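> Before I ask anything, here is the structure I am working with.
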Amino acid sequence: MSPSEVAEKLPRAADVSRKWFELTEMMDSTPKELAFRFALSLNCPLVVGAETVKQVEENVRLSQQKPLSKCQIEQILGRLPH
């Protein structure tokens, strides 16, 4: 969802959503790509759902990306509220 959709449907998450989208621009990434790379950086099993073949194909593509560097993870954690 876009930050405006999050603000409308999940007002308490609006600030985090807005900051996540700012991070995606700063890191030249899409929200999905950044989320996948962040999850891959956790070095633990990743469970992803899909409802269509297209989503499965996209998830496979996204899962083949490099994990984020330690520096990139620190940048993300430093910008998101705790």
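How things are named: the first chain in the structure tokens is A, the next is B, and so on; residues count from 1 in each chain; ligands count from 1 in the order shown.
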For Ile73 in chain A, work out the shell of residues within 9 Å, counting only C-alpha atoms and skipping chain neighbours fewer than 5 positions away, then give it as a list in words.

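Near Ile73 in chain A, the qualifying residues are Phe38, Ser41, Leu68 and Gly78 of chain A.
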
> If you keep all heavy atoms, can you produce a file of those selected residues as a PDB file, in the first residue's frame?


```pdb
ATOM      1  N   PHE A  38      15.835  -6.927   2.864  1.00  0.00           N
ATOM      2  CA  PHE A  38      15.937  -6.828   4.323  1.00  0.00           C
ATOM      3  C   PHE A  38      15.678  -8.198   4.953  1.00  0.00           C
ATOM      4  O   PHE A  38      16.429  -8.649   5.812  1.00  0.00           O
ATOM      5  CB  PHE A  38      14.937  -5.794   4.856  1.00  0.00           C
ATOM      6  CG  PHE A  38      15.079  -5.542   6.328  1.00  0.00           C
ATOM      7  CD1 PHE A  38      15.967  -4.591   6.792  1.00  0.00           C
ATOM      8  CD2 PHE A  38      14.330  -6.249   7.251  1.00  0.00           C
ATOM      9  CE1 PHE A  38      16.110  -4.354   8.156  1.00  0.00           C
ATOM     10  CE2 PHE A  38      14.463  -6.023   8.608  1.00  0.00           C
ATOM     11  CZ  PHE A  38      15.357  -5.066   9.067  1.00  0.00           C
ATOM     12  N   SER A  41      18.461 -10.572   4.609  1.00  0.00           N
ATOM     13  CA  SER A  41      19.582 -10.206   5.468  1.00  0.00           C
ATOM     14  C   SER A  41      19.461 -10.784   6.870  1.00  0.00           C
ATOM     15  O   SER A  41      20.435 -10.809   7.614  1.00  0.00           O
ATOM     16  CB  SER A  41      19.690  -8.681   5.566  1.00  0.00           C
ATOM     17  OG  SER A  41      19.824  -8.119   4.284  1.00  0.00           O
ATOM     18  N   LEU A  68      20.941  -7.194   2.075  1.00  0.00           N
ATOM     19  CA  LEU A  68      21.475  -5.862   2.350  1.00  0.00           C
ATOM     20  C   LEU A  68      22.789  -5.985   3.108  1.00  0.00           C
ATOM     21  O   LEU A  68      23.013  -6.948   3.844  1.00  0.00           O
ATOM     22  CB  LEU A  68      20.482  -5.061   3.192  1.00  0.00           C
ATOM     23  CG  LEU A  68      19.143  -4.745   2.538  1.00  0.00           C
ATOM     24  CD1 LEU A  68      18.200  -4.133   3.555  1.00  0.00           C
ATOM     25  CD2 LEU A  68      19.318  -3.829   1.349  1.00  0.00           C
ATOM     26  N   GLY A  78      18.201   2.917  11.688  1.00  0.00           N
ATOM     27  CA  GLY A  78      18.402   4.258  12.229  1.00  0.00           C
ATOM     28  C   GLY A  78      17.311   5.237  11.838  1.00  0.00           C
ATOM     29  O   GLY A  78      17.099   6.254  12.504  1.00  0.00           O
TER      30      GLY A  78
END
```

> Select from chain A everything DSSP, run on the backbone, classes as alpha helix (DSSP H), then give the selection as an NGL selection string.

:A and (3-9 or 14-26 or 31-41 or 53-63 or 70-79)

> Residues of range 15-34 of chain A that have any atom at most 10 Å from an atom of range 3-6 of chain A: could you tabulate them with the shortest-distance atom pair and the distance in Å to one decimal, using only C-alpha atoms, ordered by chain and increasing number, as JSON lines?


```
{"residue": "A:Asp15", "atom": "CA", "partner": "A:Pro3", "partner_atom": "CA", "distance": 8.2}
{"residue": "A:Val16", "atom": "CA", "partner": "A:Pro3", "partner_atom": "CA", "distance": 8.7}
{"residue": "A:Ser17", "atom": "CA", "partner": "A:Pro3", "partner_atom": "CA", "distance": 5.3}
{"residue": "A:Arg18", "atom": "CA", "partner": "A:Pro3", "partner_atom": "CA", "distance": 5.2}
{"residue": "A:Lys19", "atom": "CA", "partner": "A:Pro3", "partner_atom": "CA", "distance": 8.8}
{"residue": "A:Trp20", "atom": "CA", "partner": "A:Pro3", "partner_atom": "CA", "distance": 8.8}
{"residue": "A:Phe21", "atom": "CA", "partner": "A:Pro3", "partner_atom": "CA", "distance": 7.5}
```

> For the selection just defined, write its residues with N, CA and C atoms to a file, as a short mmCIF file (atom, residue, chain, number, x, y, z; two decimals), in the first residue's frame.


```cif
data_model
loop_
_atom_site.label_atom_id
_atom_site.label_comp_id
_atom_site.auth_asym_id
_atom_site.auth_seq_id
_atom_site.Cartn_x
_atom_site.Cartn_y
_atom_site.Cartn_z
N ASP A 15 3.37 6.67 9.88
CA ASP A 15 4.72 7.24 9.96
C ASP A 15 5.77 6.25 9.46
N VAL A 16 5.65 4.99 9.87
CA VAL A 16 6.60 3.96 9.44
C VAL A 16 6.49 3.75 7.92
N SER A 17 5.29 3.73 7.40
CA SER A 17 5.10 3.56 5.97
C SER A 17 5.75 4.70 5.19
N ARG A 18 5.53 5.91 5.64
CA ARG A 18 6.12 7.07 4.96
C ARG A 18 7.65 6.97 4.99
N LYS A 19 8.21 6.60 6.13
CA LYS A 19 9.67 6.48 6.24
C LYS A 19 10.20 5.33 5.39
N TRP A 20 9.44 4.23 5.29
CA TRP A 20 9.87 3.10 4.46
C TRP A 20 9.96 3.55 2.99
N PHE A 21 8.96 4.30 2.54
CA PHE A 21 8.99 4.78 1.16
C PHE A 21 10.12 5.77 0.93
#
```

> Return the single residue from A:Arg12, A:Arg37, A:Cys44, A:Asn59 that is closest to Thr24 in chain A, with distances computed using only C-alpha atoms.

A:Arg37

> Using only C-alpha atoms, pick whichever of A:Glu33, A:Leu42, A:Val48, A:Pro81 has the shortest atom-to-atom distance to Gln65 in chain A.

A:Glu33

> Between A:Ser69, A:Ser2, A:Leu80, A:Gln55, which residue has the minimum interatomic distance to Thr30 in chain A, considering only C-alpha atoms?

A:Ser2

> With only C-alpha atoms as the basis for distance, which of A:Leu23, A:Ala13, A:Val53, A:Val47 is at the shortest distance from Leu77 in chain A?

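Ranked by minimum distance to Leu77 in chain A, first place goes to A:Leu23.
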
> Distance CA of Lys66 in chain A-CA of Met26 in chain A, one decimal place?

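We find that CA of Lys66 in chain A and CA of Met26 in chain A lie 17.4 Å from each other.
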
> What is the distance between CA of Glu25 in chain A and CA of Lys9 in chain A, in Å to one decimal?

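Rounded to one decimal, the two atoms are 22.9 Å apart.
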
> Check the smallest atom-to-atom distance from each of A:Glu8, A:Pro67, A:Gln72, A:His82 to Ala39 in chain A using only C-alpha atoms, then report the winner.

A:Pro67
